[in-house]
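Enquirer: This is the structure, below, for whatever I ask next.
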Amino acid sequence: MPATHEVFNQASPLEDYDVAADDALTAGLEREGAGWAAGELHELGRLAGTARARAWGEQANANEPELRTHDRYGNRIDEVDFHPAWHVLMDTAVGHGLHAAPWADERPGAHAARAAKFFVWSQVEGGHGCPVSMTYAAVPALRHSPELAARFEPLLTARSYDFGLRAPGTKQGLLAGMSMTEKQGGSDVRANTTRAVPAADGSYRLTGHKWFTSAPMGDLFLTLAQAPEGLTCFLVPRVLDDGSRNALRLQRLKDKLGNRSNASSEIEYEEAFAWRVGEPGKGVRTIIEMVNGTRLDCVIGSAAGMRAGLLQAVHHASERRAFGRALIDQPLMRNVLADLALESEAATTLMTRLAGAADRSARGDAGEAAFRRLAVAVGKFWVTKRAPAHAAEALECLGGNGYVEESGMPRLFRESPLNSIWEGSGNVAALDVLRAMAKSPESVEALLAEVRLAEGADPHLDAALKRIGAELSDLSDAEFRARELVRLLAVSLQASLLLRFAPAPVAEAFTASRLGEGRGDVFGTLPRGTDTGAILDRARPRG
């Protein structure tokens with residue numbers, strides 16, 4: 001067949017770069033006391049930037065998990081088969097301590113280091129981050145029952161990925177999950193109907209239906225059920241000590257928009273064996289420790305997606321030409337790309353600050369604990385809400401090339417709404433901010449004190465602080481206005497961090513475009529005079 005055309009003016013694949021070569025990330029790592037982890041971070045970053053790592057992510061999503069309820073003889077087995085690429089991703093994540101490892105690391109900054117590595121490796125593939133995140137978040141909840149923590153925490157923090165359904169005590173490492181929502185309740189977990197009946201030996205038997213249980217091939221699951229004293233937290237093993245399967249039945253795997261590499265399931269407890277965690281009747285108070293950890297990872301995951309999309313867009317625009325010059329040199333495209341870069345940098349900078357607060361609060365800093373209580377909920381609402389719009393705009397920068405699966409952008413786009421839904425949708429997160437403000441006034445003062453550290457540095461931020469004061473002075477219809485109040489808190493916090501820690505062109509463009517009177521509703525509406533060159537220089541992939 002004769003050649004009909006020559007392929008040219010196409011961007012090369014983005015590969016062989018260091019995903020951790022990110023100025024906002026590495027500066028945040030230093031600020032939060034984790035500079036000692038830079039070597040491992042860049043090692044992971046260079047792996048994440050390879051073609052083979054990208055292939056692992058593609059393969060894990062193209063070959064989705066498969067449920068096997070019975071073996072060939074008719075025995076109930078409730079197993080899920082994964083593609084080998086999934087196991088490579090998981091082995092890398094656990095081996096680098098992206099799961100619960102920081103809880104066994106006494107070095108200051110361990111949680112911030114873990115957050116930075118989670119951010120970098122999540123840019124390869126987001127779905128496998130779910131079991132990794134839940135294992136990280138399970139430890140503080142489990143510590144409400146010291147005897148259970150003493151038994152399982154060493155295996156949850158071990159850097160060994162040991163896949164397979166076997167008795168927990170026979171494995172080199174464990175993964176944890178969470179099973180809370182039910183059909184009739186959703187986010188209203190107090191409406192759960194799963195029953196917990198105490199047994200003579202102090203354990204319980206659970207019966208009920210859970211609508212969403214992610215990563216069902218984990219080893220241990222924190223769940224909620226109605227005990228005689230009220231809603232209580234329990235730990236459910238997949239396999240019992242004698243090697244037999246617990247009565248946890250997988251009914252089906254969810255057919256989801258994104259996160260397709262990860263198995264999310266609908267399950268039935270049929271008098272499943274469980275241990276009580278924490279005080280009876282205090283289930284929400286106990287499991288909220290886990291929720292706070294996974295909400296932080298929602299922020300990290302969304303920030304990672306923004307960075308991944310930005311890098312693809314900047315790389316494509318740097319190599320693609322239109323109307324006689326590179327796309328990245330076209331004024332309007334520079335406006336769009338710089339705007340995407342600002343959103344990404346603000347998310348990354350907030351993420352590192354929240355991770356630092358998590359680290360210091362875990363070490364007993366009451367002030368940081370107060371800040372974290374409100375700031376994580378604020379950040380979870382806002383950063384996860386911005387992710388879908390950011391992913392859509394980054395995809396559009398590649399045009400038709402970005403709309404095809406091979407580009408990786410459709411998978412990034414499908415993944416982008418997840419973190420805004422997981423661990424409480426936007427309304428739940430916004431209302432949780434109001435509850436935190438009411439129950440923990442010190443958390444409001446801690447967050448505002450953080451924002452005020454940049455007071456006087458920029459007129460837009462100063463005006464925003466006045467608006468916050470006005471909003472907080474009258475909370476009579478606060479629920480109706482909750483989203484706007486949380487948006488204002490989130491953007492003001494991001495602005496304060498950028499004014500203190502980012503180069504002036506980044507901070508000034510962010511405050512003007514996000515807090516100014518003429519703030520744009522779409523990306524690419526930065527004001528005249530924005531130094532797009534300085535902003536984009538920080539957004540280019542580097543080796």
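Ordering of the structure tokens sets the chain letters (A, B, ...), residue numbers begin anew at 1 in every chain, and ligands are numbered from 1 in the order given.
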Within 12 Å of region 211-229 of chain A, which residues of region 263-355 of chain A show up? Give each one with its shortest atom-to-atom distance in Å (one decimal) and the two atoms involved, counting only C-alpha atoms, rows by chain then rising residue number, as CSV.
Expert:
```
residue,atom,partner,partner_atom,distance
A:Ala263,CA,A:Ala215,CA,5.2
A:Ser264,CA,A:Ser214,CA,4.1
A:Ser265,CA,A:Thr213,CA,5.1
A:Glu266,CA,A:Trp211,CA,5.0
A:Ile267,CA,A:Trp211,CA,6.8
A:Glu268,CA,A:Trp211,CA,8.9
A:Tyr269,CA,A:Ala225,CA,10.5
A:Glu271,CA,A:Ala225,CA,11.9
A:Ala272,CA,A:Ala225,CA,11.5
A:Phe273,CA,A:Phe221,CA,11.4
A:Ala274,CA,A:Thr223,CA,9.3
A:Trp275,CA,A:Leu222,CA,9.6
A:Arg276,CA,A:Ala227,CA,9.6
A:Val277,CA,A:Leu222,CA,8.4
A:Gly278,CA,A:Leu222,CA,11.3
A:Glu279,CA,A:Glu229,CA,9.4
A:Pro280,CA,A:Glu229,CA,5.9
A:Gly281,CA,A:Glu229,CA,4.9
A:Lys282,CA,A:Glu229,CA,8.7
A:Gly283,CA,A:Leu224,CA,6.4
A:Val284,CA,A:Leu224,CA,7.9
A:Arg285,CA,A:Leu224,CA,11.0
A:Thr286,CA,A:Leu224,CA,9.8
A:Ile287,CA,A:Leu222,CA,7.6
A:Ile288,CA,A:Leu222,CA,11.0
A:Glu289,CA,A:Leu222,CA,11.1
A:Met290,CA,A:Leu222,CA,8.8
A:Val291,CA,A:Leu222,CA,10.8
```
Enquirer: Looking only at the backbone, which of the residues in region 38-117 of chain A does DSSP tag as helix (DSSP H, G or I), as number ranges by chain?
Expert: A: 38-48, 51-62, 84-95, 101-104, 110-117
Enquirer: Find the spatial neighbours of Asn246 (chain A), counting only C-alpha atoms, within a cut-off of 8 Å - ignore same-chain residues fewer than 2 positions away - and output them as an MDAnalysis selection string.
Expert: chainID A and resid 237:240 244 248 272:273
Enquirer: Using Å and a single decimal, report how far CA of Asp241 (chain A) sits from CA of Leu155 (chain A).
Expert: 14.8 Å
Enquirer: Looking at A:Pro2, A:Pro417, A:Gly379, A:Gly399, which one is nearest to Val433 (chain A), with distances taken over only C-alpha atoms?
Expert: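 With only C-alpha atoms as the atom set, the closest residue is A:Gly379.
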Enquirer: With the cut-off set at 12 Å and counting only C-alpha atoms, tabulate each residue of region 35-133 of chain A with an atom at most that distance from an atom of region 25-30 of chain A, showing the nearest atom pair and its distance in Å to one decimal, ordered by chain and increasing number, as a Markdown table.
Expert:
```
| residue | atom | partner | partner_atom | distance |
| --- | --- | --- | --- | --- |
| A:Gly35 | CA | A:Glu30 | CA | 4.4 |
| A:Trp36 | CA | A:Glu30 | CA | 8.2 |
| A:Ala37 | CA | A:Leu29 | CA | 8.2 |
| A:Ala38 | CA | A:Thr26 | CA | 7.6 |
| A:Gly39 | CA | A:Thr26 | CA | 10.9 |
| A:Leu41 | CA | A:Thr26 | CA | 9.1 |
| A:His42 | CA | A:Thr26 | CA | 9.6 |
| A:Gly45 | CA | A:Thr26 | CA | 11.5 |
| A:Pro108 | CA | A:Glu30 | CA | 11.5 |
| A:Gly109 | CA | A:Leu29 | CA | 8.3 |
| A:Ala110 | CA | A:Leu29 | CA | 10.2 |
| A:His111 | CA | A:Leu29 | CA | 10.3 |
| A:Ala112 | CA | A:Leu29 | CA | 6.7 |
| A:Ala113 | CA | A:Leu29 | CA | 6.8 |
| A:Arg114 | CA | A:Leu29 | CA | 10.0 |
| A:Ala115 | CA | A:Leu29 | CA | 9.1 |
| A:Ala116 | CA | A:Leu25 | CA | 7.0 |
| A:Lys117 | CA | A:Leu25 | CA | 10.0 |
| A:Phe118 | CA | A:Leu25 | CA | 11.6 |
| A:Phe119 | CA | A:Leu25 | CA | 8.9 |
| A:Val120 | CA | A:Leu25 | CA | 9.3 |
```
Enquirer: Take the residues that were just selected and, keeping N, CA, C and O atoms, output them as a PDB file, in the first residue's frame.
Expert:
```
ATOM      1  N   GLY A  35      12.763  16.621  54.681  1.00  0.00           N
ATOM      2  CA  GLY A  35      13.799  16.706  53.663  1.00  0.00           C
ATOM      3  C   GLY A  35      14.674  15.475  53.609  1.00  0.00           C
ATOM      4  O   GLY A  35      15.270  15.165  52.557  1.00  0.00           O
ATOM      5  N   TRP A  36      14.751  14.758  54.719  1.00  0.00           N
ATOM      6  CA  TRP A  36      15.555  13.534  54.767  1.00  0.00           C
ATOM      7  C   TRP A  36      15.047  12.458  53.803  1.00  0.00           C
ATOM      8  O   TRP A  36      15.766  11.509  53.487  1.00  0.00           O
ATOM      9  N   ALA A  37      13.806  12.590  53.325  1.00  0.00           N
ATOM     10  CA  ALA A  37      13.220  11.584  52.440  1.00  0.00           C
ATOM     11  C   ALA A  37      13.422  11.919  50.963  1.00  0.00           C
ATOM     12  O   ALA A  37      12.914  11.194  50.096  1.00  0.00           O
ATOM     13  N   ALA A  38      14.161  12.982  50.650  1.00  0.00           N
ATOM     14  CA  ALA A  38      14.269  13.438  49.259  1.00  0.00           C
ATOM     15  C   ALA A  38      14.864  12.370  48.347  1.00  0.00           C
ATOM     16  O   ALA A  38      14.434  12.207  47.206  1.00  0.00           O
ATOM     17  N   GLY A  39      15.854  11.640  48.834  1.00  0.00           N
ATOM     18  CA  GLY A  39      16.486  10.632  47.993  1.00  0.00           C
ATOM     19  C   GLY A  39      15.511   9.563  47.544  1.00  0.00           C
ATOM     20  O   GLY A  39      15.432   9.230  46.350  1.00  0.00           O
ATOM     21  N   LEU A  41      12.283   9.794  47.573  1.00  0.00           N
ATOM     22  CA  LEU A  41      11.225  10.434  46.792  1.00  0.00           C
ATOM     23  C   LEU A  41      11.618  10.533  45.327  1.00  0.00           C
ATOM     24  O   LEU A  41      10.820  10.216  44.429  1.00  0.00           O
ATOM     25  N   HIS A  42      12.848  10.958  45.049  1.00  0.00           N
ATOM     26  CA  HIS A  42      13.281  11.092  43.655  1.00  0.00           C
ATOM     27  C   HIS A  42      13.501   9.723  43.009  1.00  0.00           C
ATOM     28  O   HIS A  42      13.275   9.563  41.801  1.00  0.00           O
ATOM     29  N   GLY A  45      10.162   8.877  42.054  1.00  0.00           N
ATOM     30  CA  GLY A  45       9.750   9.779  40.990  1.00  0.00           C
ATOM     31  C   GLY A  45      10.317   9.389  39.635  1.00  0.00           C
ATOM     32  O   GLY A  45       9.622   9.479  38.611  1.00  0.00           O
ATOM     33  N   PRO A 108      10.587  12.745  62.849  1.00  0.00           N
ATOM     34  CA  PRO A 108       9.683  13.851  62.524  1.00  0.00           C
ATOM     35  C   PRO A 108       9.584  14.026  61.012  1.00  0.00           C
ATOM     36  O   PRO A 108      10.588  13.960  60.302  1.00  0.00           O
ATOM     37  N   GLY A 109       8.380  14.236  60.533  1.00  0.00           N
ATOM     38  CA  GLY A 109       8.163  14.401  59.101  1.00  0.00           C
ATOM     39  C   GLY A 109       7.817  13.114  58.373  1.00  0.00           C
ATOM     40  O   GLY A 109       7.617  13.129  57.156  1.00  0.00           O
ATOM     41  N   ALA A 110       7.703  11.995  59.095  1.00  0.00           N
ATOM     42  CA  ALA A 110       7.438  10.712  58.427  1.00  0.00           C
ATOM     43  C   ALA A 110       6.122  10.731  57.659  1.00  0.00           C
ATOM     44  O   ALA A 110       6.029  10.171  56.550  1.00  0.00           O
ATOM     45  N   HIS A 111       5.096  11.355  58.225  1.00  0.00           N
ATOM     46  CA  HIS A 111       3.797  11.400  57.537  1.00  0.00           C
ATOM     47  C   HIS A 111       3.852  12.342  56.330  1.00  0.00           C
ATOM     48  O   HIS A 111       3.192  12.089  55.317  1.00  0.00           O
ATOM     49  N   ALA A 112       4.632  13.408  56.427  1.00  0.00           N
ATOM     50  CA  ALA A 112       4.795  14.302  55.279  1.00  0.00           C
ATOM     51  C   ALA A 112       5.568  13.615  54.165  1.00  0.00           C
ATOM     52  O   ALA A 112       5.260  13.787  52.980  1.00  0.00           O
ATOM     53  N   ALA A 113       6.581  12.830  54.540  1.00  0.00           N
ATOM     54  CA  ALA A 113       7.335  12.081  53.533  1.00  0.00           C
ATOM     55  C   ALA A 113       6.438  11.084  52.827  1.00  0.00           C
ATOM     56  O   ALA A 113       6.479  10.931  51.597  1.00  0.00           O
ATOM     57  N   ARG A 114       5.621  10.404  53.602  1.00  0.00           N
ATOM     58  CA  ARG A 114       4.693   9.442  53.023  1.00  0.00           C
ATOM     59  C   ARG A 114       3.703  10.130  52.071  1.00  0.00           C
ATOM     60  O   ARG A 114       3.403   9.620  50.983  1.00  0.00           O
ATOM     61  N   ALA A 115       3.211  11.318  52.447  1.00  0.00           N
ATOM     62  CA  ALA A 115       2.282  12.054  51.595  1.00  0.00           C
ATOM     63  C   ALA A 115       2.936  12.428  50.265  1.00  0.00           C
ATOM     64  O   ALA A 115       2.307  12.325  49.203  1.00  0.00           O
ATOM     65  N   ALA A 116       4.192  12.865  50.308  1.00  0.00           N
ATOM     66  CA  ALA A 116       4.893  13.240  49.078  1.00  0.00           C
ATOM     67  C   ALA A 116       5.062  12.036  48.162  1.00  0.00           C
ATOM     68  O   ALA A 116       4.889  12.131  46.941  1.00  0.00           O
ATOM     69  N   LYS A 117       5.398  10.888  48.731  1.00  0.00           N
ATOM     70  CA  LYS A 117       5.562   9.680  47.918  1.00  0.00           C
ATOM     71  C   LYS A 117       4.212   9.216  47.362  1.00  0.00           C
ATOM     72  O   LYS A 117       4.128   8.772  46.208  1.00  0.00           O
ATOM     73  N   PHE A 118       3.166   9.314  48.175  1.00  0.00           N
ATOM     74  CA  PHE A 118       1.826   8.968  47.706  1.00  0.00           C
ATOM     75  C   PHE A 118       1.431   9.863  46.532  1.00  0.00           C
ATOM     76  O   PHE A 118       0.841   9.409  45.544  1.00  0.00           O
ATOM     77  N   PHE A 119       1.749  11.144  46.625  1.00  0.00           N
ATOM     78  CA  PHE A 119       1.474  12.123  45.572  1.00  0.00           C
ATOM     79  C   PHE A 119       2.191  11.735  44.274  1.00  0.00           C
ATOM     80  O   PHE A 119       1.607  11.786  43.185  1.00  0.00           O
ATOM     81  N   VAL A 120       3.435  11.355  44.378  1.00  0.00           N
ATOM     82  CA  VAL A 120       4.235  11.014  43.200  1.00  0.00           C
ATOM     83  C   VAL A 120       3.741   9.711  42.556  1.00  0.00           C
ATOM     84  O   VAL A 120       3.511   9.646  41.343  1.00  0.00           O
TER      85      VAL A 120
END
```
Enquirer: Measure the distance from CA of Met178 (chain A) to CA of Phe234 (chain A) in Å and round it to one decimal.
Expert: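 CA of Phe234 (chain A) lies 10.1 Å from CA of Met178 (chain A).
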Enquirer: Of the candidates A:Asn259, A:Thr349, A:Asn401, A:Thr525, which one gets nearest to Leu499 (chain A) if we count only C-alpha atoms?
Expert: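 Residue with the minimum atom-to-atom distance to Leu499 (chain A): A:Thr349.
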Enquirer: Given the choices A:Gln10, A:Ser133, A:Ser492, A:Thr193, which gets closest to Leu175 (chain A) if the distance is worked out from only C-alpha atoms?
Expert: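 Once distances to Leu175 (chain A) are computed over only C-alpha atoms, the minimum belongs to A:Ser133.
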Enquirer: Of the candidates A:Met409, A:Leu465, A:Val189, A:Ala355, which shows the shortest atom-to-atom distance to Ala369 (chain A), using only C-alpha atoms?
Expert: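 The answer is A:Ala355, which sits nearest to Ala369 (chain A).
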Enquirer: List the spatial neighbours of region 88-101 of chain A as a list in words - criterion: any atom at most 6 Å away, only C-alpha atoms, same-chain residues fewer than 3 positions off excluded.
Expert: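 My reading of the contact set: Ala85, Ala104, Arg114, Phe118, Val132, Thr135, Tyr136, Thr157, Arg159 and Tyr161 of chain A.
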Enquirer: Please save all heavy atoms of the selected residues as an mmCIF file, in the first residue's frame.
Expert:
```
data_model
loop_
_atom_site.group_PDB
_atom_site.id
_atom_site.type_symbol
_atom_site.label_atom_id
_atom_site.label_comp_id
_atom_site.auth_asym_id
_atom_site.auth_seq_id
_atom_site.Cartn_x
_atom_site.Cartn_y
_atom_site.Cartn_z
ATOM 1 N N ALA A 85 -0.111 -6.471 36.731
ATOM 2 C CA ALA A 85 0.309 -5.074 36.849
ATOM 3 C C ALA A 85 -0.185 -4.455 38.147
ATOM 4 O O ALA A 85 0.490 -3.609 38.751
ATOM 5 C CB ALA A 85 -0.199 -4.267 35.652
ATOM 6 N N ALA A 104 4.990 3.604 62.253
ATOM 7 C CA ALA A 104 6.084 2.890 62.917
ATOM 8 C C ALA A 104 7.410 3.629 62.760
ATOM 9 O O ALA A 104 8.459 3.092 63.111
ATOM 10 C CB ALA A 104 6.203 1.475 62.346
ATOM 11 N N ARG A 114 5.621 10.404 53.602
ATOM 12 C CA ARG A 114 4.693 9.442 53.023
ATOM 13 C C ARG A 114 3.703 10.130 52.071
ATOM 14 O O ARG A 114 3.403 9.620 50.983
ATOM 15 C CB ARG A 114 3.955 8.725 54.156
ATOM 16 C CG ARG A 114 2.904 7.726 53.708
ATOM 17 C CD ARG A 114 1.510 8.317 53.803
ATOM 18 N NE ARG A 114 0.528 7.438 53.198
ATOM 19 C CZ ARG A 114 -0.703 7.797 52.934
ATOM 20 N NH1 ARG A 114 -1.129 9.011 53.238
ATOM 21 N NH2 ARG A 114 -1.538 6.953 52.359
ATOM 22 N N PHE A 118 3.166 9.314 48.175
ATOM 23 C CA PHE A 118 1.826 8.968 47.706
ATOM 24 C C PHE A 118 1.431 9.863 46.532
ATOM 25 O O PHE A 118 0.841 9.409 45.544
ATOM 26 C CB PHE A 118 0.837 9.113 48.863
ATOM 27 C CG PHE A 118 -0.534 8.570 48.598
ATOM 28 C CD1 PHE A 118 -0.835 7.234 48.843
ATOM 29 C CD2 PHE A 118 -1.547 9.382 48.119
ATOM 30 C CE1 PHE A 118 -2.112 6.725 48.603
ATOM 31 C CE2 PHE A 118 -2.818 8.895 47.876
ATOM 32 C CZ PHE A 118 -3.093 7.551 48.121
ATOM 33 N N VAL A 132 -4.138 1.247 49.731
ATOM 34 C CA VAL A 132 -2.961 1.829 50.368
ATOM 35 C C VAL A 132 -3.384 2.898 51.369
ATOM 36 O O VAL A 132 -2.919 2.942 52.515
ATOM 37 C CB VAL A 132 -2.018 2.421 49.291
ATOM 38 C CG1 VAL A 132 -0.881 3.199 49.932
ATOM 39 C CG2 VAL A 132 -1.464 1.315 48.399
ATOM 40 N N THR A 135 -5.266 1.472 54.494
ATOM 41 C CA THR A 135 -4.344 0.842 55.442
ATOM 42 C C THR A 135 -3.645 1.901 56.285
ATOM 43 O O THR A 135 -3.476 1.733 57.504
ATOM 44 C CB THR A 135 -3.318 -0.016 54.684
ATOM 45 O OG1 THR A 135 -4.010 -0.971 53.869
ATOM 46 C CG2 THR A 135 -2.398 -0.748 55.636
ATOM 47 N N TYR A 136 -3.245 2.983 55.651
ATOM 48 C CA TYR A 136 -2.648 4.103 56.390
ATOM 49 C C TYR A 136 -3.610 4.639 57.443
ATOM 50 O O TYR A 136 -3.256 4.868 58.602
ATOM 51 C CB TYR A 136 -2.278 5.223 55.409
ATOM 52 C CG TYR A 136 -1.910 6.531 56.071
ATOM 53 C CD1 TYR A 136 -0.724 6.673 56.775
ATOM 54 C CD2 TYR A 136 -2.759 7.640 55.975
ATOM 55 C CE1 TYR A 136 -0.386 7.883 57.377
ATOM 56 C CE2 TYR A 136 -2.431 8.838 56.566
ATOM 57 C CZ TYR A 136 -1.240 8.962 57.267
ATOM 58 O OH TYR A 136 -0.911 10.151 57.859
ATOM 59 N N THR A 157 1.999 -2.026 59.268
ATOM 60 C CA THR A 157 3.073 -1.072 58.967
ATOM 61 C C THR A 157 4.249 -1.724 58.250
ATOM 62 O O THR A 157 5.151 -1.018 57.778
ATOM 63 C CB THR A 157 3.577 -0.405 60.259
ATOM 64 O OG1 THR A 157 4.058 -1.411 61.159
ATOM 65 C CG2 THR A 157 2.473 0.385 60.935
ATOM 66 N N ARG A 159 6.623 -3.293 55.466
ATOM 67 C CA ARG A 159 6.778 -2.960 54.048
ATOM 68 C C ARG A 159 6.818 -4.231 53.196
ATOM 69 O O ARG A 159 7.722 -4.415 52.372
ATOM 70 C CB ARG A 159 8.033 -2.121 53.825
ATOM 71 C CG ARG A 159 7.965 -0.741 54.456
ATOM 72 C CD ARG A 159 9.056 0.155 53.922
ATOM 73 N NE ARG A 159 9.023 1.484 54.520
ATOM 74 C CZ ARG A 159 9.602 2.565 53.998
ATOM 75 N NH1 ARG A 159 10.264 2.471 52.855
ATOM 76 N NH2 ARG A 159 9.541 3.721 54.606
ATOM 77 N N TYR A 161 4.259 -6.547 50.774
ATOM 78 C CA TYR A 161 2.974 -6.774 50.118
ATOM 79 C C TYR A 161 2.785 -8.279 49.981
ATOM 80 O O TYR A 161 3.486 -8.940 49.215
ATOM 81 C CB TYR A 161 2.952 -6.099 48.750
ATOM 82 C CG TYR A 161 1.718 -6.389 47.931
ATOM 83 C CD1 TYR A 161 0.444 -6.069 48.413
ATOM 84 C CD2 TYR A 161 1.811 -6.983 46.676
ATOM 85 C CE1 TYR A 161 -0.686 -6.336 47.667
ATOM 86 C CE2 TYR A 161 0.682 -7.238 45.910
ATOM 87 C CZ TYR A 161 -0.560 -6.916 46.411
ATOM 88 O OH TYR A 161 -1.684 -7.184 45.669
#
```
